[in-house]
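This is data_13.txt (compact mmCIF, C-alpha atoms).
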# COMPACT_ATOMS: atom_id res chain seq x y z
CA MET W 16 18.71 -31.26 27.38
CA LYS W 17 21.72 -29.27 26.20
CA ILE W 18 21.14 -30.45 22.66
CA LYS W 19 17.51 -29.35 22.82
CA PHE W 20 18.65 -25.94 24.04
CA VAL W 21 21.09 -25.50 21.17
CA VAL W 22 18.58 -26.78 18.63
CA GLY W 23 16.03 -24.32 20.00
CA LEU W 24 18.46 -21.44 19.60
CA SER W 25 19.22 -22.55 16.07
CA VAL W 26 15.53 -22.51 15.23
CA ILE W 27 15.21 -18.97 16.57
CA ALA W 28 18.29 -17.90 14.61
CA GLY W 29 16.79 -19.40 11.48
CA LEU W 30 13.56 -17.55 12.06
CA ILE W 31 15.40 -14.25 12.37
CA LEU W 32 17.26 -14.96 9.13
CA SER W 33 14.03 -15.82 7.37
CA MET W 34 12.34 -12.69 8.63
CA SER W 35 14.94 -10.56 6.86
CA LEU W 36 13.55 -11.86 3.59
CA ALA W 37 9.92 -11.78 4.53
CA ALA W 38 7.32 -9.39 3.35
CA HIS W 39 7.01 -5.98 4.90
CA HIS W 40 3.29 -5.92 4.74
CA GLY W 41 0.27 -6.48 6.85
CA THR W 42 -0.25 -9.90 5.36
CA ASN W 43 2.19 -11.55 7.76
CA ILE W 44 -0.66 -12.40 10.10
CA SER W 45 -2.08 -14.62 7.34
CA TYR W 46 0.91 -16.93 7.43
CA ASP W 47 2.09 -19.58 9.86
CA HIS W 48 5.51 -18.44 11.03
CA SER W 49 6.03 -21.47 13.22
CA ARG W 50 6.85 -23.72 10.28
CA THR W 51 8.24 -23.58 6.79
CA VAL W 52 7.35 -25.65 3.75
CA GLU W 53 9.90 -26.41 1.04
CA LEU W 54 8.41 -26.75 -2.43
CA LYS W 55 10.07 -27.85 -5.63
CA GLY W 56 8.22 -26.46 -8.59
CA THR W 57 8.11 -24.81 -11.96
CA VAL W 58 7.55 -21.09 -12.37
CA THR W 59 4.41 -20.21 -14.30
CA GLU W 60 4.43 -16.44 -13.75
CA PHE W 61 6.44 -13.78 -11.97
CA ARG W 62 5.23 -10.27 -11.30
CA TYR W 63 7.77 -7.61 -10.38
CA ALA W 64 5.11 -5.19 -9.21
CA ASN W 65 4.58 -2.60 -6.51
CA PRO W 66 4.22 -2.94 -3.67
CA HIS W 67 4.35 -6.75 -3.61
CA CYS W 68 6.20 -8.95 -6.05
CA GLN W 69 4.57 -12.31 -6.67
CA VAL W 70 5.74 -15.66 -7.96
CA TYR W 71 3.31 -18.28 -9.20
CA PHE W 72 4.53 -21.85 -9.58
CA ASP W 73 3.29 -25.38 -10.04
CA VAL W 74 4.20 -28.16 -7.67
CA LYS W 75 3.64 -31.84 -8.31
CA ALA W 76 2.21 -33.42 -5.19
CA ASP W 77 3.02 -36.99 -4.06
CA ASN W 78 -0.23 -38.21 -5.58
CA GLY W 79 0.70 -36.71 -8.94
CA GLU W 80 -1.72 -33.84 -8.66
CA ILE W 81 -0.44 -30.45 -9.82
CA GLN W 82 -0.86 -27.76 -7.18
CA HIS W 83 -0.86 -24.12 -8.18
CA TRP W 84 1.08 -22.11 -5.61
CA ALA W 85 1.32 -18.35 -5.14
CA GLY W 86 4.25 -16.84 -3.27
CA GLU W 87 4.43 -13.36 -1.82
CA LEU W 88 7.69 -11.44 -2.03
CA THR W 89 8.86 -8.07 -0.82
CA SER W 90 8.65 -4.89 -2.90
CA PRO W 91 10.62 -4.19 -6.07
CA TYR W 92 12.47 -1.40 -4.24
CA ASN W 93 13.67 -3.76 -1.52
CA LEU W 94 14.63 -6.40 -4.06
CA ALA W 95 16.51 -3.87 -6.17
CA GLN W 96 18.34 -2.54 -3.12
CA GLY W 97 19.52 -6.09 -2.59
CA GLY W 98 20.73 -6.21 -6.20
CA TRP W 99 17.65 -7.97 -7.59
CA THR W 100 16.68 -5.59 -10.33
CA ARG W 101 13.72 -6.26 -12.58
CA LYS W 102 15.72 -7.74 -15.47
CA ARG W 103 17.87 -9.92 -13.23
CA SER W 104 14.84 -11.17 -11.31
CA GLU W 105 12.76 -11.83 -14.40
CA LYS W 106 15.64 -13.70 -16.00
CA GLU W 107 15.82 -16.05 -13.02
CA LEU W 108 12.08 -16.54 -12.82
CA GLN W 109 11.08 -17.05 -16.41
CA ALA W 110 8.11 -19.32 -16.97
CA GLY W 111 9.38 -22.88 -16.91
CA ALA W 112 12.27 -22.22 -14.52
CA GLU W 113 12.80 -24.94 -11.92
CA VAL W 114 12.88 -23.52 -8.41
CA THR W 115 12.90 -24.63 -4.81
CA ILE W 116 10.87 -22.21 -2.76
CA THR W 117 10.55 -22.18 1.01
CA VAL W 118 7.50 -20.45 2.41
CA TRP W 119 5.69 -19.72 5.58
CA PRO W 120 2.41 -21.28 4.52
CA SER W 121 -1.02 -19.75 4.73
CA LYS W 122 -2.78 -20.42 8.02
CA ALA W 123 -5.94 -20.97 6.01
CA GLY W 124 -4.39 -24.01 4.35
CA THR W 125 -4.50 -22.63 0.84
CA THR W 126 -1.59 -23.00 -1.58
CA THR W 127 -0.17 -19.59 -0.78
CA GLY W 128 2.80 -18.55 1.28
CA VAL W 129 5.22 -15.78 1.99
CA VAL W 130 8.56 -16.66 0.47
CA THR W 131 11.46 -16.97 2.91
CA LYS W 132 13.99 -18.58 0.60
CA MET W 133 14.29 -19.33 -3.09
CA LEU W 134 16.83 -21.45 -4.94
CA ASN W 135 17.31 -21.76 -8.67
CA ALA W 136 18.01 -25.04 -10.47
CA LYS W 137 21.73 -24.67 -9.68
CA GLY W 138 20.94 -24.42 -5.99
CA GLU W 139 21.86 -20.74 -5.84
CA GLN W 140 19.88 -18.51 -3.56
CA ILE W 141 17.99 -15.89 -5.56
CA LEU W 142 15.84 -12.84 -4.93
CA LEU W 143 17.07 -11.88 -1.52
CA GLY W 144 15.38 -8.63 -0.64
CA ARG W 145 16.56 -6.01 1.75
CA ALA W 146 15.05 -6.34 5.19
CA GLU W 147 12.17 -3.98 5.90
CA MET E 29 31.71 -26.35 27.69
CA ARG E 30 31.21 -27.20 24.06
CA THR E 31 27.47 -26.60 24.38
CA ARG E 32 28.09 -23.24 25.99
CA PHE E 33 30.42 -22.28 23.16
CA LEU E 34 27.82 -23.31 20.58
CA ALA E 35 25.11 -21.35 22.37
CA ILE E 36 27.28 -18.22 22.51
CA PHE E 37 28.16 -18.61 18.83
CA ILE E 38 24.50 -18.94 17.82
CA LEU E 39 23.43 -16.00 19.94
CA ALA E 40 26.21 -13.86 18.44
CA ALA E 41 25.18 -14.90 14.93
CA MET E 42 21.55 -14.04 15.69
CA SER E 43 22.58 -10.62 16.90
CA VAL E 44 24.68 -9.93 13.79
CA PHE E 45 21.97 -11.01 11.38
CA ALA E 46 19.24 -9.18 13.26
CA GLN E 47 21.28 -6.01 12.98
CA THR E 48 22.29 -6.43 9.35
CA GLY E 49 18.85 -5.90 7.94
CA ARG E 50 18.29 -2.78 9.91
CA GLN E 51 21.59 -1.10 9.22
CA ALA E 52 20.41 0.62 6.07
CA ARG E 53 17.90 2.61 8.05
CA GLN E 54 19.52 2.89 11.43
CA ALA E 55 21.15 6.13 12.43
CA LYS E 56 24.60 6.44 10.96
CA PRO E 57 27.54 7.72 12.97
CA LYS E 58 26.94 11.39 13.58
CA SER E 59 28.90 13.61 11.28
CA ASN E 60 30.50 16.73 12.63
CA LEU E 61 29.90 18.63 9.43
CA PRO E 62 28.22 21.99 9.84
CA PHE E 63 24.50 22.29 9.23
CA ASP E 64 21.80 24.94 9.31
CA PRO E 65 19.13 23.96 11.86
CA HIS E 66 16.58 25.91 9.80
CA ASP E 67 17.29 23.92 6.66
CA LEU E 68 15.47 20.60 6.42
CA SER E 69 16.27 20.05 2.73
CA GLY E 70 17.40 16.63 1.70
CA VAL E 71 16.26 13.05 1.34
CA TRP E 72 15.47 11.53 4.70
CA SER E 73 14.31 8.17 5.90
CA ARG E 74 12.41 7.36 9.03
CA THR E 75 14.72 5.35 11.26
CA GLY E 76 14.17 5.50 15.01
CA GLY E 77 10.75 4.80 16.41
CA ASP E 78 7.89 2.44 15.73
CA ARG E 79 5.46 2.70 12.83
CA GLY E 80 2.74 3.94 15.11
CA MET E 81 2.02 6.83 17.42
CA SER E 82 3.38 4.89 20.39
CA ASN E 83 6.60 2.97 20.79
CA ARG E 84 4.50 -0.17 20.87
CA PRO E 85 0.92 -0.54 19.69
CA GLY E 86 -1.49 -0.02 22.54
CA VAL E 87 1.00 1.74 24.81
CA ASN E 88 0.32 5.26 26.10
CA VAL E 89 -2.90 5.59 24.15
CA PRO E 90 -5.19 8.22 25.70
CA PRO E 91 -8.62 7.02 26.77
CA MET E 92 -11.06 7.16 23.89
CA THR E 93 -14.44 8.79 23.81
CA PRO E 94 -17.40 6.43 23.27
CA ALA E 95 -17.43 7.51 19.61
CA GLY E 96 -13.68 6.91 19.34
CA GLN E 97 -13.96 3.51 20.98
CA LYS E 98 -16.69 2.54 18.52
CA LEU E 99 -14.45 3.43 15.59
CA PHE E 100 -11.51 1.63 17.14
CA ASP E 101 -13.58 -1.51 17.72
CA ALA E 102 -14.69 -1.42 14.09
CA SER E 103 -11.19 -1.14 12.68
CA LYS E 104 -9.55 -4.39 11.63
CA PRO E 105 -5.88 -3.77 10.95
CA GLY E 106 -3.34 -6.19 9.57
CA TYR E 107 -0.70 -5.20 12.11
CA GLY E 108 -0.29 -5.29 15.87
CA PRO E 109 -2.06 -7.18 18.61
CA ARG E 110 -5.47 -6.86 16.92
CA ALA E 111 -4.21 -7.99 13.51
CA VAL E 112 -6.49 -10.00 11.27
CA PRO E 113 -5.68 -11.38 7.83
CA PRO E 114 -6.06 -8.42 5.48
CA ALA E 115 -8.44 -10.52 3.38
CA THR E 116 -10.94 -10.13 6.21
CA GLY E 117 -9.77 -6.73 7.48
CA ASN E 118 -10.74 -3.20 6.52
CA ASP E 119 -7.49 -1.31 6.08
CA ILE E 120 -8.24 0.82 3.02
CA VAL E 121 -4.54 0.99 2.16
CA GLY E 122 -4.79 -2.64 1.03
CA GLU E 123 -6.68 -1.38 -2.00
CA CYS E 124 -4.14 1.38 -2.65
CA ASN E 125 -6.17 4.15 -1.02
CA PRO E 126 -4.23 7.08 0.44
CA GLN E 127 -2.58 6.60 3.80
CA GLY E 128 -2.80 10.24 4.84
CA VAL E 129 -0.76 11.67 7.67
CA PRO E 130 0.49 10.96 10.23
CA ARG E 131 0.48 7.34 9.00
CA LEU E 132 2.63 7.98 5.95
CA LEU E 133 5.20 9.74 8.14
CA PHE E 134 5.76 6.51 10.03
CA PHE E 135 6.74 4.33 7.08
CA PRO E 136 10.50 3.82 6.64
CA ARG E 137 11.01 4.97 3.07
CA PRO E 138 12.87 7.92 1.56
CA VAL E 139 11.10 11.26 1.73
CA GLU E 140 12.53 14.35 0.08
CA PHE E 141 12.06 17.58 1.98
CA ILE E 142 12.06 20.40 -0.57
CA GLN E 143 12.27 23.73 1.21
CA LEU E 144 11.01 26.61 -0.90
CA PRO E 145 10.53 30.26 0.11
CA ASN E 146 6.78 29.83 0.59
CA ARG E 147 6.39 26.16 1.51
CA LEU E 148 8.07 22.95 2.42
CA ILE E 149 7.18 20.03 0.19
CA GLN E 150 7.41 16.50 1.46
CA PHE E 151 7.82 14.17 -1.49
CA PHE E 152 7.18 10.62 -0.31
CA GLN E 153 8.64 7.78 -2.33
CA TRP E 154 6.08 5.40 -0.85
CA HIS E 155 2.94 5.85 -2.96
CA ARG E 156 4.68 8.86 -4.60
CA VAL E 157 2.81 11.49 -2.61
CA LEU E 158 3.42 15.23 -2.58
CA ARG E 159 2.42 17.09 0.55
CA GLU E 160 2.58 20.85 0.83
CA ILE E 161 3.30 22.59 4.12
CA TRP E 162 2.76 26.29 3.56
CA THR E 163 5.17 28.72 5.23
CA ASP E 164 3.81 31.96 3.75
CA GLY E 165 2.02 32.90 6.93
CA ARG E 166 -1.40 31.50 6.12
CA LYS E 167 -3.48 29.84 8.79
CA VAL E 168 -5.03 26.44 8.24
CA PRO E 169 -8.77 26.72 7.53
CA THR E 170 -11.00 26.15 10.53
CA ASP E 171 -13.99 25.07 8.45
CA PRO E 172 -12.72 23.84 5.10
CA ASP E 173 -15.25 23.20 2.36
CA THR E 174 -13.51 20.00 1.35
CA LEU E 175 -11.76 17.51 3.59
CA ARG E 176 -8.49 16.13 2.29
CA TRP E 177 -6.63 12.88 2.71
CA PHE E 178 -3.58 14.91 3.75
CA GLY E 179 -5.41 17.83 5.29
CA TYR E 180 -4.33 21.48 5.07
CA SER E 181 -0.94 22.28 6.55
CA SER E 182 1.00 25.39 7.50
CA GLY E 183 4.40 25.58 9.13
CA LYS E 184 6.50 28.08 11.01
CA TRP E 185 9.76 28.19 12.93
CA GLU E 186 9.67 28.41 16.70
CA GLY E 187 13.33 28.77 17.57
CA ASP E 188 15.00 25.78 15.97
CA GLU E 189 11.78 23.78 15.75
CA PHE E 190 9.74 23.64 12.58
CA VAL E 191 6.14 23.40 13.75
CA VAL E 192 3.48 22.16 11.36
CA ASP E 193 -0.21 22.55 12.13
CA SER E 194 -2.76 20.70 10.05
CA TYR E 195 -6.53 20.38 9.92
CA GLY E 196 -9.31 19.32 7.58
CA PHE E 197 -8.61 15.61 7.33
CA ASP E 198 -10.71 12.96 5.68
CA ALA E 199 -11.66 10.70 8.58
CA ARG E 200 -11.41 7.50 6.58
CA THR E 201 -7.68 7.20 7.21
CA TRP E 202 -6.16 5.75 10.37
CA LEU E 203 -3.49 7.40 12.46
CA ASP E 204 -1.24 4.41 11.99
CA GLN E 205 -1.16 0.86 10.74
CA TYR E 206 -2.60 -0.41 14.02
CA GLY E 207 -6.05 0.94 13.22
CA TYR E 208 -6.23 3.90 15.59
CA PRO E 209 -8.97 6.17 14.27
CA HIS E 210 -9.41 9.91 14.07
CA SER E 211 -12.29 12.19 13.23
CA ASP E 212 -12.69 15.08 10.83
CA GLN E 213 -12.06 17.33 13.83
CA MET E 214 -8.48 16.16 14.31
CA LYS E 215 -5.84 18.83 14.77
CA LEU E 216 -2.42 17.49 13.98
CA GLN E 217 0.84 19.09 15.02
CA GLU E 218 4.30 17.93 13.98
CA ARG E 219 7.46 19.34 15.50
CA TYR E 220 10.73 18.82 13.62
CA ARG E 221 14.17 19.61 15.00
CA ARG E 222 17.39 19.03 13.10
CA ILE E 223 19.77 18.02 15.87
CA ASP E 224 22.82 17.44 13.67
CA ARG E 225 23.60 17.28 10.00
CA ASP E 226 22.25 13.76 9.62
CA THR E 227 19.34 13.62 12.07
CA ILE E 228 15.92 15.17 12.47
CA GLU E 229 13.79 14.45 15.52
CA MET E 230 10.04 14.54 15.13
CA THR E 231 7.17 14.47 17.58
CA ILE E 232 3.52 14.34 16.61
CA THR E 233 0.52 15.46 18.62
CA VAL E 234 -3.01 14.40 17.76
CA ASP E 235 -5.66 16.61 19.32
CA ASP E 236 -9.02 15.08 18.48
CA PRO E 237 -11.62 15.54 21.24
CA LYS E 238 -14.23 13.62 19.27
CA THR E 239 -12.05 10.51 19.42
CA TYR E 240 -9.62 10.86 22.35
CA THR E 241 -10.23 12.41 25.75
CA LYS E 242 -6.88 14.19 25.73
CA PRO E 243 -4.16 14.99 23.20
CA TRP E 244 -2.01 12.05 22.13
CA VAL E 245 1.69 12.85 21.92
CA SER E 246 3.73 10.35 19.96
CA GLU E 247 7.04 8.94 21.01
CA LYS E 248 9.99 10.76 19.50
CA LYS E 249 10.72 9.61 15.97
CA THR E 250 13.93 10.19 14.09
CA TRP E 251 14.81 10.73 10.45
CA THR E 252 18.23 10.03 8.99
CA LEU E 253 19.73 11.87 6.04
CA LEU E 254 20.37 9.61 3.06
CA SER E 255 22.99 9.94 0.37
CA PRO E 256 21.99 9.36 -3.28
CA GLN E 257 23.88 6.07 -3.16
CA GLU E 258 21.61 4.92 -0.37
CA TYR E 259 18.27 5.64 -2.00
CA SER E 260 18.92 5.63 -5.75
CA LEU E 261 18.40 2.62 -7.97
CA ASP E 262 20.28 1.69 -11.10
CA GLY E 263 22.44 4.81 -10.96
CA TRP E 264 19.43 7.09 -11.41
CA ASN E 265 19.91 9.76 -8.80
CA ALA E 266 16.32 10.23 -7.68
CA LEU E 267 13.62 8.69 -5.57
CA ALA E 268 12.23 5.44 -6.86
CA GLU E 269 8.64 5.11 -8.00
CA GLU E 270 6.65 3.07 -5.51
CA ILE E 271 3.11 3.62 -6.65
CA CYS E 272 0.44 1.28 -5.39
CA ALA E 273 -1.53 0.79 -8.59
CA PRO E 274 -4.85 -1.06 -8.28
CA ILE E 275 -4.15 -2.84 -11.58
CA ASP E 276 -1.21 -4.52 -9.85
CA GLU E 277 -2.27 -4.69 -6.24
CA VAL E 278 -6.04 -5.14 -6.27
CA ASP E 279 -6.43 -7.06 -9.52
CA ASN E 280 -3.48 -9.33 -8.96
CA PHE E 281 -1.85 -9.43 -5.56
CA ASP E 282 -5.00 -9.06 -3.49
CA LYS E 283 -7.09 -11.50 -5.51
CA ARG E 284 -4.40 -14.07 -6.18
CA VAL E 285 -2.23 -13.98 -3.03
CA ARG E 286 -3.48 -11.83 -0.18
CA ASP E 287 -7.05 -13.05 -0.12
CA PRO E 288 -6.36 -16.78 -0.63
CA ALA E 289 -3.71 -16.54 2.10
CA GLY E 290 -6.47 -15.32 4.39
CA GLY E 291 -8.87 -18.04 3.28
CA VAL E 292 -10.90 -15.92 0.85
CA ILE E 293 -10.99 -17.48 -2.59
CA HIS E 294 -12.16 -15.56 -5.64
CA LYS E 295 -13.78 -17.60 -8.38
What would the structure in this file look like if it were written as structure tokens?
Amino acid sequence: MKIKFVVGLSVIAGLILSMSLAAHHGTNISYDHSRTVELKGTVTEFRYANPHCQVYFDVKADNGEIQHWAGELTSPYNLAQGGWTRKRSEKELQAGAEVTITVWPSKAGTTTGVVTKMLNAKGEQILLGRAE
Amino acid sequence: MRTRFLAIFILAAMSVFAQTGRQARQAKPKSNLPFDPHDLSGVWSRTGGDRGMSNRPGVNVPPMTPAGQKLFDASKPGYGPRAVPPATGNDIVGECNPQGVPRLLFFPRPVEFIQLPNRLIQFFQWHRVLREIWTDGRKVPTDPDTLRWFGYSSGKWEGDEFVVDSYGFDARTWLDQYGYPHSDQMKLQERYRRIDRDTIEMTITVDDPKTYTKPWVSEKKTWTLLSPQEYSLDGWNALAEEICAPIDEVDNFDKRVRDPAGGVIHK
């Protein structure tokens, strides 16, 4: 019982941490905040654009099928305030870069999500935006 | 005992992290430096208060008229208790249309107040909007030929309060992100008071008999003065450019992310 309580608190703490990275926009309702999905993939395109940055990446599913994912990020201003300027961000997310991206997935079941965490091939956390 | 310690540790960590993200825009410690209460110049950011008229969406909303209720029922916002996926909503801001006021006043982004002899200009970083509040004694038009997204505004000092009256609004905007409507008959009044060097308090009143049965007074909002280090990027001492360009938002983000996330797929 005690363990469940502590685990529950940890989940809530994790959610709060994730929220600090989440989008500031009205799209949040489109995503399932009760669970995260971790995806290992290859960047195909990154757009450092107002007011929503976007990362597109391919993920190889268990059955070998390539899934095309789209991830929503916060605004360039918020990223830059967190030190993630355009050049630095684009350098990390060049086409072909291997990334591990955690998202709150679309409630509609499509291959879209709002990005809550992103790791580069070295396992370093990248593109942490300022909280909205 | 160990469990209790763990629980306390986790709760403390939650509190710290929850605060961290907000610190940039929370009120800073009050400075005791002198200030002129009749000078609103500077770059400010909205800090205290929700992003709507009320402190929570749906709270303290005046009863609507039948026409107002019809508009409210038709609005499908992406925020608040009535939120729908923007792919299936009708918030015109999603396609980069103007937000108008008061909605733009609620968004926590830097706004430069430029106080000139004949007007106060609010220069919003978000969507890079310029709004003129005339202080040359003119009255806002009572029957303007053309309605405007940001209406027609004039301001004057009443004691230490800067009072802005506006009229002539395009009724396609919402009061806030929660989809509260207004009509083209809306009279808007903003009252600004600089209470110390770093803080302005603001209250907004919406008087729109076509939509609400009595005036709607917002909760008190606050603005906090920002230093160039707080709002500038890359050492360029100026507001950033946050333009919502359809070529980026509509043609890319909306079609490729927003809409699929809401279950709407474009072929």
Pick from W:Asn135, W:Asn78, W:Thr51, W:Thr89: nearest to Thr115 of chain W, with all atoms listed in the file counted?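 Of all the options, W:Asn135 lies closest to Thr115 of chain W.
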For Ile116 of chain W, work out the shell of residues within 12 Å, counting only C-alpha atoms and skipping chain neighbours fewer than 4 positions away, then give it as a PyMOL selection string. chain W and resi 51-58+70-74+84-88+108+112+120+127-136+138-142
Mind pulling up the distance from atom CA of Gly106 of chain E to atom CA of Gly41 of chain W?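 So the two atoms, atom CA of Gly41 of chain W and atom CA of Gly106 of chain E, lie 4.5 Å apart.
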So which residues touch Gly76 of chain E within 10 Å, counting all atoms listed in the file, skipping near sequence neighbours fewer than 2 positions away, as a list in words?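 Skipping anything fewer than 2 positions along the chain leaves Arg53, Gln54, Ala55, Ser73, Arg74, Asp78, Arg79, Asn83, Phe134, Pro136, Glu229, Met230, Glu247, Lys248, Lys249, Thr250, Trp251 and Thr252 of chain E.
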Nearest to chain W: which of E:Phe281, E:Trp185, E:Trp202, E:Phe178 is it, counting all atoms listed in the file?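 Among the listed residues, E:Phe281 lies closest to chain W.
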Which residues come within 10 Å of segment 102-105 of chain W, counting only C-alpha atoms, excluding same-chain residues fewer than 6 positions away, as a VMD selection string? chain W and resid 60 to 63 91 94 to 95 141 to 142
Segment 102-114 of chain W from the block above: N, CA and C atoms written as a short mmCIF file (atom, residue, chain, number, x, y, z; two decimals), in the first residue's frame:
data_model
loop_
_atom_site.label_atom_id
_atom_site.label_comp_id
_atom_site.auth_asym_id
_atom_site.auth_seq_id
_atom_site.Cartn_x
_atom_site.Cartn_y
_atom_site.Cartn_z
N LYS W 102 20.36 27.46 -34.45
CA LYS W 102 21.50 26.70 -34.98
C LYS W 102 21.81 25.48 -34.12
N ARG W 103 21.74 25.67 -32.80
CA ARG W 103 22.03 24.54 -31.90
C ARG W 103 20.98 23.44 -32.08
N SER W 104 19.74 23.84 -32.19
CA SER W 104 18.65 22.86 -32.32
C SER W 104 18.76 22.12 -33.66
N GLU W 105 18.99 22.90 -34.72
CA GLU W 105 19.06 22.27 -36.04
C GLU W 105 20.27 21.35 -36.17
N LYS W 106 21.32 21.68 -35.45
CA LYS W 106 22.51 20.82 -35.49
C LYS W 106 22.20 19.47 -34.85
N GLU W 107 21.44 19.50 -33.76
CA GLU W 107 21.08 18.25 -33.08
C GLU W 107 20.09 17.42 -33.89
N LEU W 108 19.24 18.11 -34.62
CA LEU W 108 18.13 17.41 -35.28
C LEU W 108 18.26 17.42 -36.80
N GLN W 109 19.47 17.23 -37.26
CA GLN W 109 19.67 17.11 -38.71
C GLN W 109 19.00 15.84 -39.20
N ALA W 110 18.59 15.85 -40.45
CA ALA W 110 18.00 14.64 -41.03
C ALA W 110 19.00 13.50 -40.90
N GLY W 111 18.53 12.38 -40.41
CA GLY W 111 19.39 11.22 -40.21
C GLY W 111 19.84 11.03 -38.77
N ALA W 112 19.63 12.05 -37.93
CA ALA W 112 20.04 11.94 -36.53
C ALA W 112 19.20 10.87 -35.81
N GLU W 113 19.87 10.08 -34.99
CA GLU W 113 19.17 9.06 -34.20
C GLU W 113 18.69 9.71 -32.90
N VAL W 114 17.43 9.55 -32.60
CA VAL W 114 16.87 10.18 -31.41
C VAL W 114 15.95 9.21 -30.68
#
